[in-house]
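Trainee: You'll find run-v3.cif just under this line, and it carries mmCIF, C-alpha atoms and all ligand atoms.
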data_final
loop_
_atom_site.label_atom_id
_atom_site.label_comp_id
_atom_site.auth_asym_id
_atom_site.auth_seq_id
_atom_site.Cartn_x
_atom_site.Cartn_y
_atom_site.Cartn_z
CA MET A 231 17.68 -16.36 -21.62
CA ASP A 232 14.73 -17.34 -19.43
CA CYS A 233 14.81 -16.25 -15.78
CA PRO A 234 14.29 -19.06 -13.25
CA VAL A 235 10.64 -19.25 -12.11
CA PRO A 236 10.58 -17.96 -8.51
CA ALA A 237 9.06 -20.10 -5.78
CA LEU A 238 5.75 -19.04 -4.24
CA LYS A 239 6.51 -16.38 -1.63
CA HIS A 240 4.42 -16.32 1.53
CA LEU A 241 3.87 -12.73 2.67
CA ALA A 242 3.05 -11.34 6.10
CA LEU A 243 1.22 -8.12 5.31
CA PHE A 244 1.29 -5.90 8.41
CA GLY A 245 -1.06 -2.98 7.72
CA ALA A 246 -3.15 -4.79 5.08
CA THR A 247 -6.01 -2.27 5.21
CA GLY A 248 -3.86 0.79 4.44
CA THR A 249 -2.80 2.28 1.13
CA ILE A 250 0.49 0.33 1.06
CA GLY A 251 -1.65 -2.73 1.83
CA ASP A 252 -3.88 -1.89 -1.18
CA ASN A 253 -0.88 -1.58 -3.49
CA THR A 254 0.66 -4.83 -2.21
CA LEU A 255 -2.57 -6.71 -2.73
CA ASP A 256 -2.87 -5.36 -6.28
CA ILE A 257 0.46 -7.03 -7.07
CA VAL A 258 -0.58 -10.24 -5.33
CA ARG A 259 -3.82 -10.28 -7.36
CA ALA A 260 -1.82 -9.88 -10.57
CA TYR A 261 0.72 -12.58 -9.64
CA PRO A 262 -0.93 -15.32 -7.57
CA GLN A 263 1.69 -17.74 -8.94
CA TYR A 264 4.43 -15.79 -7.12
CA TYR A 265 2.78 -14.50 -3.93
CA ARG A 266 0.42 -15.76 -1.28
CA ILE A 267 -0.76 -13.83 1.75
CA ALA A 268 0.03 -15.95 4.82
CA ILE A 269 -0.71 -13.30 7.45
CA MET A 270 -2.67 -10.06 7.32
CA THR A 271 -3.17 -7.47 10.04
CA ALA A 272 -5.20 -4.33 10.67
CA HIS A 273 -5.85 -1.99 13.56
CA GLN A 274 -9.60 -1.39 13.64
CA ASN A 275 -10.96 -1.50 10.10
CA SER A 276 -12.62 -4.86 10.71
CA LYS A 277 -14.94 -4.67 7.68
CA LYS A 278 -12.08 -4.25 5.24
CA LEU A 279 -9.96 -6.85 7.02
CA ILE A 280 -12.78 -9.40 6.81
CA ALA A 281 -13.35 -8.71 3.10
CA LEU A 282 -9.63 -9.03 2.36
CA ALA A 283 -9.30 -12.21 4.43
CA LEU A 284 -12.22 -13.79 2.56
CA GLU A 285 -10.59 -12.86 -0.74
CA PHE A 286 -7.01 -13.94 0.08
CA MET A 287 -7.67 -16.72 2.61
CA PRO A 288 -4.53 -16.21 4.74
CA ASP A 289 -3.54 -18.67 7.48
CA HIS A 290 -3.61 -16.02 10.17
CA VAL A 291 -5.40 -12.71 10.69
CA VAL A 292 -4.66 -10.22 13.47
CA ILE A 293 -6.81 -7.27 14.51
CA ALA A 294 -4.77 -5.03 16.82
CA ASN A 295 -7.81 -3.44 18.46
CA ALA A 296 -9.16 -6.37 20.46
CA GLN A 297 -12.68 -4.90 20.58
CA HIS A 298 -13.18 -6.19 17.04
CA TYR A 299 -12.05 -9.75 17.74
CA HIS A 300 -15.49 -11.42 17.83
CA GLU A 301 -16.72 -9.65 14.73
CA VAL A 302 -13.66 -10.81 12.75
CA ARG A 303 -13.65 -14.33 14.25
CA ASP A 304 -17.34 -14.87 13.50
CA ALA A 305 -17.03 -13.67 9.90
CA LEU A 306 -14.14 -15.93 8.89
CA PRO A 307 -13.95 -19.69 8.37
CA ALA A 308 -12.41 -21.80 11.14
CA THR A 309 -9.42 -22.61 8.90
CA ILE A 310 -8.20 -19.02 9.41
CA ILE A 311 -6.63 -18.41 12.82
CA VAL A 312 -7.77 -15.07 14.23
CA SER A 313 -6.01 -13.30 17.07
CA ALA A 314 -6.32 -9.83 18.55
CA GLY A 315 -4.37 -7.24 20.50
CA GLU A 316 -0.96 -5.64 20.28
CA ASP A 317 0.85 -8.70 21.63
CA ALA A 318 -0.86 -10.87 19.01
CA LEU A 319 0.64 -8.58 16.38
CA VAL A 320 4.11 -9.25 17.77
CA ASP A 321 3.43 -13.00 18.03
CA ALA A 322 2.31 -13.07 14.40
CA ALA A 323 5.65 -11.59 13.35
CA SER A 324 7.37 -14.75 14.61
CA LEU A 325 5.14 -17.17 12.61
CA PRO A 326 6.49 -18.79 9.42
CA TYR A 327 6.51 -16.63 6.24
CA ASP A 328 9.05 -15.58 3.61
CA MET A 329 8.72 -11.80 3.68
CA MET A 330 7.14 -9.25 5.99
CA ILE A 331 5.65 -6.18 4.34
CA SER A 332 5.96 -3.71 7.23
CA ALA A 333 3.21 -1.20 6.42
CA ILE A 334 1.63 -0.30 9.74
CA VAL A 335 1.69 3.48 10.12
CA GLY A 336 3.67 5.12 12.92
CA PHE A 337 5.73 3.99 15.89
CA SER A 338 3.33 1.04 16.43
CA ALA A 339 5.17 -0.82 13.68
CA LEU A 340 8.34 -1.02 15.76
CA ARG A 341 7.52 -4.00 18.00
CA PRO A 342 6.29 -6.38 15.27
CA THR A 343 9.06 -5.30 12.88
CA MET A 344 11.71 -5.85 15.57
CA GLU A 345 10.24 -9.30 16.19
CA ALA A 346 10.66 -10.12 12.50
CA ILE A 347 14.25 -8.85 12.71
CA ARG A 348 14.93 -11.06 15.74
CA HIS A 349 13.79 -14.02 13.65
CA GLY A 350 16.22 -13.06 10.88
CA ARG A 351 13.43 -12.46 8.37
CA THR A 352 13.33 -10.55 5.10
CA ILE A 353 11.48 -7.30 5.69
CA ALA A 354 10.18 -5.03 2.95
CA LEU A 355 9.97 -1.81 4.94
CA ALA A 356 7.36 0.83 4.09
CA ASN A 357 7.03 2.16 7.64
CA LYS A 358 9.60 4.88 8.26
CA GLU A 359 8.77 5.87 11.84
CA CYS A 360 10.28 2.71 13.37
CA LEU A 361 13.63 3.30 11.69
CA VAL A 362 13.55 7.02 12.59
CA ALA A 363 12.92 6.17 16.25
CA ALA A 364 15.14 3.12 16.69
CA GLY A 365 17.86 4.09 14.17
CA THR A 366 21.15 2.43 14.93
CA LEU A 367 19.58 -0.14 17.28
CA PHE A 368 17.28 -1.23 14.45
CA MET A 369 20.09 -1.54 11.89
CA ASP A 370 22.45 -3.25 14.37
CA ALA A 371 19.71 -5.78 15.14
CA CYS A 372 19.28 -6.48 11.39
CA ALA A 373 23.01 -7.21 11.17
CA ALA A 374 23.13 -9.25 14.40
CA TYR A 375 20.15 -11.48 13.50
CA GLY A 376 20.88 -11.68 9.77
CA ALA A 377 17.62 -9.98 8.79
CA THR A 378 17.37 -8.56 5.26
CA LEU A 379 15.92 -5.08 4.86
CA LEU A 380 14.46 -4.02 1.50
CA PRO A 381 13.18 -0.42 1.32
CA ILE A 382 9.72 0.31 -0.05
CA ASP A 383 9.62 4.04 0.63
CA SER A 384 10.00 5.21 -2.98
CA GLU A 385 13.05 7.45 -2.49
CA HIS A 386 14.92 4.85 -0.46
CA ASN A 387 13.95 2.14 -2.88
CA ALA A 388 15.34 4.37 -5.63
CA VAL A 389 18.63 4.91 -3.73
CA PHE A 390 18.84 1.16 -3.15
CA GLN A 391 18.31 0.44 -6.85
CA LEU A 392 20.93 2.98 -7.95
CA TRP A 393 23.45 1.90 -5.37
CA HIS A 394 23.18 -1.72 -6.55
CA GLY A 395 23.45 -0.57 -10.15
CA VAL A 396 26.94 0.79 -9.42
CA GLN A 397 28.19 -2.40 -7.71
CA ASN A 398 27.53 -0.94 -4.26
CA ARG A 399 30.14 1.84 -4.61
CA PRO A 400 29.15 4.27 -1.79
CA PRO A 401 28.17 7.66 -3.22
CA HIS A 402 29.63 10.94 -2.06
CA SER A 403 26.13 12.18 -1.17
CA VAL A 404 22.44 11.51 -1.75
CA THR A 405 19.54 13.85 -2.61
CA LEU A 406 15.98 12.83 -1.84
CA THR A 407 13.32 14.63 -3.82
CA ALA A 408 10.11 15.96 -2.28
CA SER A 409 6.95 16.80 -4.20
CA GLY A 410 6.47 19.84 -1.96
CA GLY A 411 2.98 18.59 -1.06
CA PRO A 412 -0.37 20.32 -1.60
CA PHE A 413 0.80 23.63 -0.06
CA ARG A 414 4.02 24.11 -2.03
CA THR A 415 2.89 27.42 -3.47
CA TRP A 416 0.82 28.67 -0.50
CA SER A 417 1.78 31.80 1.39
CA LEU A 418 2.79 31.56 5.05
CA GLU A 419 -0.40 33.41 6.06
CA ALA A 420 -2.60 30.94 4.17
CA LEU A 421 -0.82 27.98 5.79
CA TYR A 422 -2.11 29.05 9.21
CA ASP A 423 -5.66 28.37 7.96
CA ALA A 424 -4.95 25.13 6.08
CA THR A 425 -7.54 22.45 6.91
CA PRO A 426 -7.05 18.70 7.39
CA GLN A 427 -9.08 18.10 4.24
CA GLN A 428 -6.75 20.31 2.20
CA ALA A 429 -3.66 18.76 3.81
CA VAL A 430 -4.57 15.17 2.91
CA ALA A 431 -5.26 16.02 -0.75
CA HIS A 432 -1.79 15.15 -2.04
CA PRO A 433 -1.19 16.18 -5.68
CA ASN A 434 0.80 13.08 -6.78
CA TRP A 435 0.34 10.16 -4.38
CA VAL A 436 -2.66 8.43 -2.77
CA MET A 437 -1.57 7.78 0.83
CA GLY A 438 -2.89 7.38 4.35
CA ALA A 439 -3.90 10.49 6.33
CA LYS A 440 -0.81 10.65 8.57
CA ILE A 441 1.81 10.46 5.83
CA SER A 442 -0.27 12.88 3.71
CA VAL A 443 -0.14 15.50 6.47
CA ASP A 444 3.59 14.76 6.88
CA SER A 445 4.00 15.45 3.16
CA ALA A 446 2.14 18.74 3.51
CA THR A 447 4.40 19.93 6.38
CA LEU A 448 7.50 18.39 4.68
CA MET A 449 8.06 16.38 7.86
CA ASN A 450 7.73 13.32 5.64
CA LYS A 451 10.95 14.36 3.90
CA GLY A 452 12.54 15.05 7.28
CA LEU A 453 11.63 11.56 8.50
CA GLU A 454 12.97 10.18 5.23
CA LEU A 455 16.32 11.92 5.72
CA ILE A 456 16.68 10.21 9.09
CA GLU A 457 15.43 6.94 7.57
CA ALA A 458 18.08 7.22 4.82
CA ARG A 459 20.78 8.14 7.30
CA TYR A 460 20.33 4.91 9.23
CA MET A 461 19.33 2.65 6.36
CA PHE A 462 22.34 3.57 4.20
CA ASN A 463 24.76 4.52 7.01
CA LEU A 464 25.28 8.10 5.73
CA GLU A 465 26.46 11.16 7.63
CA PRO A 466 23.91 14.00 7.95
CA SER A 467 26.19 16.15 5.77
CA GLN A 468 25.80 13.62 2.93
CA LEU A 469 22.01 14.03 2.75
CA HIS A 470 20.14 16.70 0.79
CA VAL A 471 16.57 17.51 -0.24
CA LEU A 472 15.31 19.02 -3.47
CA VAL A 473 11.68 19.91 -4.13
CA HIS A 474 10.56 18.34 -7.41
CA PRO A 475 6.81 18.88 -7.87
CA GLN A 476 6.35 16.32 -10.65
CA SER A 477 7.56 13.36 -8.49
CA ILE A 478 9.25 11.65 -11.45
CA VAL A 479 12.84 11.73 -10.15
CA HIS A 480 12.83 10.01 -6.74
CA CYS A 481 16.44 10.53 -5.78
CA PHE A 482 19.91 11.38 -6.99
CA ILE A 483 23.12 9.79 -5.88
CA HIS A 484 26.20 11.94 -6.39
CA TYR A 485 29.81 10.92 -6.94
CA ALA A 486 32.97 12.87 -6.26
CA ASP A 487 33.81 12.94 -9.98
CA GLY A 488 30.76 15.11 -10.68
CA SER A 489 28.47 12.27 -11.85
CA HIS A 490 24.87 12.39 -10.68
CA LEU A 491 22.68 9.31 -11.10
CA ALA A 492 18.91 9.74 -10.93
CA HIS A 493 16.11 7.22 -10.53
CA MET A 494 12.91 7.99 -12.45
CA SER A 495 9.46 6.44 -12.62
CA ASN A 496 5.85 7.49 -12.56
CA PRO A 497 4.73 8.14 -8.98
CA ASP A 498 3.18 4.72 -8.30
CA MET A 499 4.00 2.81 -5.11
CA ARG A 500 3.55 -0.52 -6.92
CA ILE A 501 6.91 0.10 -8.62
CA PRO A 502 9.06 0.19 -5.45
CA LEU A 503 6.85 -2.45 -3.85
CA ALA A 504 7.28 -4.88 -6.73
CA TYR A 505 11.03 -4.27 -6.72
CA ALA A 506 11.23 -5.21 -3.04
CA MET A 507 8.77 -8.10 -3.35
CA HIS A 508 10.54 -9.67 -6.34
CA TYR A 509 14.12 -8.70 -5.49
CA PRO A 510 16.58 -9.33 -7.04
CA GLU A 511 14.50 -10.01 -10.19
CA ARG A 512 12.16 -7.46 -11.81
CA LEU A 513 8.46 -8.03 -12.13
CA ARG A 514 6.58 -6.97 -15.25
CA LEU A 515 3.96 -4.46 -14.10
CA ASP A 516 1.08 -3.59 -16.38
CA LEU A 517 1.25 0.16 -15.68
CA PRO A 518 1.10 3.22 -17.97
CA PRO A 519 4.55 3.98 -19.43
CA LEU A 520 6.59 6.94 -18.23
CA ASP A 521 5.91 9.50 -20.97
CA LEU A 522 8.43 12.28 -20.39
CA VAL A 523 7.20 14.26 -23.40
CA ALA A 524 3.64 14.30 -22.11
CA ARG A 525 4.91 15.11 -18.60
CA GLY A 526 6.66 18.20 -19.95
CA THR A 527 9.24 20.11 -17.95
CA LEU A 528 10.75 18.59 -14.81
CA THR A 529 11.56 21.29 -12.26
CA PHE A 530 13.63 21.44 -9.08
CA GLU A 531 13.66 24.03 -6.29
CA ALA A 532 15.21 24.45 -2.86
CA PRO A 533 12.87 23.74 0.07
CA ASP A 534 11.50 26.82 1.86
CA HIS A 535 12.36 26.43 5.53
CA THR A 536 10.28 29.43 6.62
CA ARG A 537 6.97 28.08 5.38
CA PHE A 538 7.93 24.46 6.11
CA PRO A 539 9.96 24.52 9.35
CA ALA A 540 9.41 20.79 10.02
CA LEU A 541 12.12 19.89 7.53
CA GLY A 542 14.68 22.02 9.39
CA LEU A 543 13.66 20.42 12.69
CA ALA A 544 14.34 17.00 11.22
CA PHE A 545 17.69 18.12 9.76
CA ALA A 546 18.65 19.40 13.24
CA ALA A 547 17.38 16.26 15.04
CA MET A 548 19.44 14.11 12.69
CA ARG A 549 22.59 15.86 13.97
CA GLU A 550 21.63 15.53 17.66
CA PRO A 551 22.15 12.46 19.88
CA SER A 552 19.79 9.55 19.23
CA SER A 553 16.95 10.64 21.55
CA ALA A 554 16.19 13.60 19.24
CA PRO A 555 14.69 11.64 16.33
CA ILE A 556 12.54 9.62 18.80
CA MET A 557 11.20 12.88 20.26
CA LEU A 558 10.72 14.45 16.85
CA ASN A 559 8.76 11.44 15.67
CA ALA A 560 6.62 11.05 18.80
CA ALA A 561 5.75 14.75 18.97
CA ASN A 562 4.94 14.75 15.27
CA GLU A 563 2.61 11.72 15.52
CA VAL A 564 0.65 13.32 18.36
CA ALA A 565 0.55 16.75 16.72
CA VAL A 566 -0.62 15.34 13.38
CA GLU A 567 -3.38 13.40 15.10
CA ALA A 568 -4.44 16.57 16.94
CA PHE A 569 -4.44 18.52 13.66
CA LEU A 570 -6.52 15.84 11.92
CA GLY A 571 -8.94 15.95 14.86
CA GLY A 572 -9.28 19.73 14.61
CA ALA A 573 -7.58 20.47 17.95
CA ILE A 574 -4.66 22.49 16.54
CA GLY A 575 -3.83 24.40 13.37
CA PHE A 576 -1.49 23.32 10.58
CA MET A 577 1.40 25.58 11.63
CA ASP A 578 1.01 24.39 15.23
CA ILE A 579 2.41 21.01 14.16
CA PRO A 580 6.03 22.20 13.68
CA ALA A 581 5.60 24.71 16.55
CA MET A 582 4.67 21.92 19.00
CA ILE A 583 7.56 19.72 17.83
CA ALA A 584 10.02 22.63 18.19
CA ARG A 585 8.78 23.28 21.77
CA ILE A 586 9.19 19.61 22.68
CA LEU A 587 12.72 19.50 21.29
CA GLU A 588 13.64 22.70 23.16
CA GLN A 589 12.16 21.54 26.46
CA ASN A 590 13.76 18.09 26.51
CA ALA A 591 17.51 17.57 26.71
CA GLN A 592 18.96 15.25 24.08
CA HIS A 593 21.07 12.25 24.98
CA SER A 594 22.20 9.07 23.35
CA VAL A 595 20.00 5.99 23.63
CA SER A 596 21.42 2.51 24.01
CA SER A 597 18.44 0.17 24.38
CA LEU A 598 15.05 -0.40 22.83
CA ASP A 599 13.45 -0.06 26.25
CA GLU A 600 14.74 3.52 26.32
CA VAL A 601 13.26 4.10 22.86
CA TYR A 602 9.83 2.95 24.11
CA GLU A 603 10.13 5.04 27.29
CA ILE A 604 11.08 8.24 25.44
CA ASN A 605 8.34 7.69 22.88
CA HIS A 606 5.81 7.24 25.68
CA SER A 607 6.87 10.25 27.77
CA ILE A 608 7.09 12.57 24.76
CA ARG A 609 3.61 11.58 23.64
CA ILE A 610 2.29 12.53 27.07
CA ALA A 611 4.26 15.80 27.05
CA THR A 612 2.98 16.72 23.58
CA LYS A 613 -0.62 15.96 24.53
CA ARG A 614 -0.16 18.20 27.58
CA LEU A 615 1.20 21.02 25.41
CA ILE A 616 -1.74 20.67 23.06
CA SER A 617 -4.33 20.76 25.82
CA GLN A 618 -2.61 23.81 27.38
CA ALA A 619 -2.71 25.57 24.01
CA SER A 620 -6.39 24.91 23.34
P1 LIG B 1 -2.55 3.99 6.14
O1 LIG B 1 -2.97 4.94 7.19
O2 LIG B 1 -3.23 3.99 4.82
O3 LIG B 1 -2.61 2.50 6.72
C1 LIG B 1 -2.05 2.20 7.96
C2 LIG B 1 -2.19 0.73 8.29
O4 LIG B 1 -1.69 0.51 9.62
C3 LIG B 1 -3.63 0.24 8.31
O5 LIG B 1 -3.67 -1.12 7.96
C4 LIG B 1 -4.02 0.42 9.78
O6 LIG B 1 -5.11 -0.38 10.18
C5 LIG B 1 -2.74 0.00 10.44
N1 LIG B 1 -2.57 0.56 11.78
C6 LIG B 1 -2.75 1.86 12.15
N2 LIG B 1 -2.49 2.03 13.45
C7 LIG B 1 -2.14 0.80 13.92
C8 LIG B 1 -1.79 0.30 15.20
N3 LIG B 1 -1.73 1.11 16.28
N4 LIG B 1 -1.51 -1.02 15.32
C9 LIG B 1 -1.58 -1.84 14.27
N5 LIG B 1 -1.91 -1.44 13.02
C10 LIG B 1 -2.18 -0.13 12.86
O7 LIG B 1 -0.97 4.22 5.94
P2 LIG B 1 -0.11 4.04 4.62
O8 LIG B 1 -0.40 2.70 4.01
O9 LIG B 1 -0.22 5.23 3.76
O10 LIG B 1 1.36 4.06 5.21
C11 LIG B 1 1.87 2.99 5.99
C12 LIG B 1 3.34 3.24 6.29
O11 LIG B 1 4.07 3.27 5.06
C13 LIG B 1 3.60 4.61 6.96
O12 LIG B 1 4.63 4.47 7.90
C14 LIG B 1 4.05 5.51 5.82
O13 LIG B 1 4.92 6.52 6.24
C15 LIG B 1 4.78 4.50 4.93
N6 LIG B 1 4.79 4.88 3.52
C16 LIG B 1 3.61 5.02 2.84
C17 LIG B 1 3.60 5.41 1.52
C18 LIG B 1 2.31 5.53 0.76
O14 LIG B 1 2.36 5.79 -0.45
N7 LIG B 1 1.17 5.34 1.38
C19 LIG B 1 4.84 5.73 0.81
C20 LIG B 1 6.02 5.52 1.60
C21 LIG B 1 6.00 5.10 2.91
P3 LIG B 1 -6.64 0.20 10.11
O15 LIG B 1 -6.91 0.43 8.65
O16 LIG B 1 -7.43 -0.91 10.68
O17 LIG B 1 -6.65 1.46 10.92
MG MG B 2 8.73 8.56 0.37
#
As structure tokens, what does this structure read like?
Ligand code: NDP
Ligand code: MG
Mentor:
Amino acid sequence: MDCPVPALKHLALFGATGTIGDNTLDIVRAYPQYYRIAIMTAHQNSKKLIALALEFMPDHVVIANAQHYHEVRDALPATIIVSAGEDALVDAASLPYDMMISAIVGFSALRPTMEAIRHGRTIALANKECLVAAGTLFMDACAAYGATLLPIDSEHNAVFQLWHGVQNRPPHSVTLTASGGPFRTWSLEALYDATPQQAVAHPNWVMGAKISVDSATLMNKGLELIEARYMFNLEPSQLHVLVHPQSIVHCFIHYADGSHLAHMSNPDMRIPLAYAMHYPERLRLDLPPLDLVARGTLTFEAPDHTRFPALGLAFAAMREPSSAPIMLNAANEVAVEAFLGGAIGFMDIPAMIARILEQNAQHSVSSLDEVYEINHSIRIATKRLISQAS
């Protein structure tokens, strides 16, 4: 039986110049009959934004760093509306489109994504930091405004797929897998000397610098636990992590009768992206098949909390009142940036976050304004800690 031909979907690609942006645009290139880019945004990579805008001819382009406005405006035809600045990013989220791909990195994605939620839009969510920080407020807003959330983060996309496959029967628990990152086999001593260059060289995935460092510390998995907690309304005790270096199994969902369902695919972000973009149908992707014989043995190990303390910090923050994940995320973003800039060492990242969580009392948060305030003050506090340390 033939599937109905889907209508052309107009996409708002927030974070077009990043690696999720690259993967999204690959799918759009392959299926121009299904997708059109209506809006694209970047932060400061004006050259790439201009090249992409000339290729995809969106209606609207936003450059968040206003210093690049004239360069982008002058390079594009008058038919493309160009705007600049953080507020322009939020305004663009309220323009007409069918689906937002939320792929800005970090907390900065929160305001435009919330704006899309307030307009009841369909959001394919790659960014995890906004859900970690705004948690229940974010999910309550989706319900209140009738917004649809489709996960792109591969593990969450895998949970979503499995959960639907069993007629939405809630599982007893969920296990997210982690590749273990580039330092999985390194000794604790060696980790103290790990360089930014080594940290961003992920063995299985090509990703932006921030998420690559998060994968190396295992904070990425910690953020994903919190993301899963809110996205799927699970208790902390229902969430587990297993290290699986081959990145073929992306998650397990477990049932009380002893059944364990796994989702498998090659590690390629186009697979979860296409699932979200084409949901509820499946898109044919011209990708290499999953060859389990060639892949050889699939292995699983428990995470090592001594060498990778960030994961334990996230587990603990998930059990604390709602200010804890905001603090964890803000301190992590600042510490990762400082590590990438050479100001602190690799093991200082979890150490700084632990200090911030110890020094600041946790409390529950009931408004988005509070989320922004805590994010702001913790960023300042973490920067102060870093400058005191160096
Ligand atoms: P990249 O660093 O590759 O790209 C980030 C994008 O966000 C770029 O377009 C960048 O613009 C833009 N950006 C950065 N800072 C700002 C800002 N302050 N305001 C507006 N735009 C900004 O990141 P990734 O594509 O790897 O990841 C994006 C998100 O998706 C992250 O939250 C990550 O955790 C999540 N994710 C990524 C996966 C992956 O495989 N990459 C997998 C699962 C989740 P510019 O280029 O101009 O700086
Ligand atoms: Mg992931």
Trainee: Compare A:Ala364, A:Ile334, A:Asn295, A:Leu517 by their minimum atom-to-atom distance to Glu316 in chain A, counting all atoms listed in the file, and give me the closest one.
Mentor: A:Asn295
Trainee: Measuring atom to atom with only C-alpha atoms, identify which of A:Thr343, A:Ser553, A:Asn398, A:Ser467 is nearest to Met330 in chain A.
Mentor: A:Thr343
Trainee: Quick check, in Å to one decimal: how far apart do CA of Ser477 in chain A and CA of Lys358 in chain A lie?
Mentor: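 Distance between the two atoms: 18.9 Å.
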Trainee: When distances are computed from all atoms listed in the file, which of A:Val362, A:Ile382, A:Ala272, A:Val595 shows the smallest separation from ligand MG 2 (chain B)?
Mentor: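 Under the stated criterion, the closest residue is A:Ile382.
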Trainee: Enumerate as a PyMOL selection string the residues within 7 Å of ligand LIG 1 (chain B), counting all atoms listed in the file.
Mentor: chain A and resi 244-251+271-276+294+316+333-336+338-339+356-359+382-384+435-441+499
Trainee: Using all atoms listed in the file, which protein or nucleic acid residues come within 8 Å of Met461 in chain A? Drop anything in the same chain fewer than 2 positions from it, and give the result as a list in words.
Mentor: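 Result of the neighbour search: Leu361, Met369, Glu457, Ala458, Arg459 and Asn463 of chain A.
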Trainee: Generate a file of the selected residues that holds C-alpha atoms, formatted as a compact mmCIF listing (two decimals), keeping the file's coordinate frame.
Mentor:
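Final output, saved to selection-v5.txt:
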# COMPACT_ATOMS: atom_id res chain seq x y z
CA LEU A 361 13.63 3.30 11.69
CA MET A 369 20.09 -1.54 11.89
CA GLU A 457 15.43 6.94 7.57
CA ALA A 458 18.08 7.22 4.82
CA ARG A 459 20.78 8.14 7.30
CA ASN A 463 24.76 4.52 7.01
Trainee: Hey, can you check how far CA of Arg351 in chain A sits from CA of Val258 in chain A?
Mentor: 19.7 Å
Trainee: Could you extract range 316-320 of chain A of the given structure into a file holding all heavy atoms, as a PDB file, in the first residue's frame?
Mentor:
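The resulting part_27.pdb:
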ATOM      1  N   GLU A 316      19.924  38.843  19.784  1.00  0.00           N
ATOM      2  CA  GLU A 316      19.246  37.764  20.519  1.00  0.00           C
ATOM      3  C   GLU A 316      17.734  37.897  20.468  1.00  0.00           C
ATOM      4  O   GLU A 316      17.011  36.891  20.395  1.00  0.00           O
ATOM      5  CB  GLU A 316      19.719  37.758  21.972  1.00  0.00           C
ATOM      6  CG  GLU A 316      21.117  37.186  22.094  1.00  0.00           C
ATOM      7  CD  GLU A 316      21.641  37.227  23.517  1.00  0.00           C
ATOM      8  OE1 GLU A 316      20.826  37.285  24.452  1.00  0.00           O
ATOM      9  OE2 GLU A 316      22.873  37.230  23.666  1.00  0.00           O
ATOM     10  N   ASP A 317      17.239  39.144  20.499  1.00  0.00           N
ATOM     11  CA  ASP A 317      15.778  39.313  20.442  1.00  0.00           C
ATOM     12  C   ASP A 317      15.241  38.902  19.074  1.00  0.00           C
ATOM     13  O   ASP A 317      14.119  38.386  18.969  1.00  0.00           O
ATOM     14  CB  ASP A 317      15.391  40.767  20.748  1.00  0.00           C
ATOM     15  CG  ASP A 317      15.615  41.084  22.231  1.00  0.00           C
ATOM     16  OD1 ASP A 317      15.757  40.132  23.029  1.00  0.00           O
ATOM     17  OD2 ASP A 317      15.658  42.280  22.572  1.00  0.00           O
ATOM     18  N   ALA A 318      16.047  39.147  18.037  1.00  0.00           N
ATOM     19  CA  ALA A 318      15.617  38.766  16.675  1.00  0.00           C
ATOM     20  C   ALA A 318      15.460  37.252  16.581  1.00  0.00           C
ATOM     21  O   ALA A 318      14.603  36.729  15.860  1.00  0.00           O
ATOM     22  CB  ALA A 318      16.638  39.265  15.651  1.00  0.00           C
ATOM     23  N   LEU A 319      16.291  36.541  17.322  1.00  0.00           N
ATOM     24  CA  LEU A 319      16.219  35.075  17.362  1.00  0.00           C
ATOM     25  C   LEU A 319      14.868  34.641  17.942  1.00  0.00           C
ATOM     26  O   LEU A 319      14.211  33.734  17.431  1.00  0.00           O
ATOM     27  CB  LEU A 319      17.345  34.596  18.279  1.00  0.00           C
ATOM     28  CG  LEU A 319      18.064  33.302  18.020  1.00  0.00           C
ATOM     29  CD1 LEU A 319      18.627  33.238  16.625  1.00  0.00           C
ATOM     30  CD2 LEU A 319      19.214  33.176  19.036  1.00  0.00           C
ATOM     31  N   VAL A 320      14.467  35.333  19.005  1.00  0.00           N
ATOM     32  CA  VAL A 320      13.189  35.013  19.657  1.00  0.00           C
ATOM     33  C   VAL A 320      12.035  35.396  18.732  1.00  0.00           C
ATOM     34  O   VAL A 320      11.086  34.621  18.552  1.00  0.00           O
ATOM     35  CB  VAL A 320      13.090  35.736  21.019  1.00  0.00           C
ATOM     36  CG1 VAL A 320      11.760  35.441  21.697  1.00  0.00           C
ATOM     37  CG2 VAL A 320      14.246  35.322  21.922  1.00  0.00           C
TER      38      VAL A 320
END
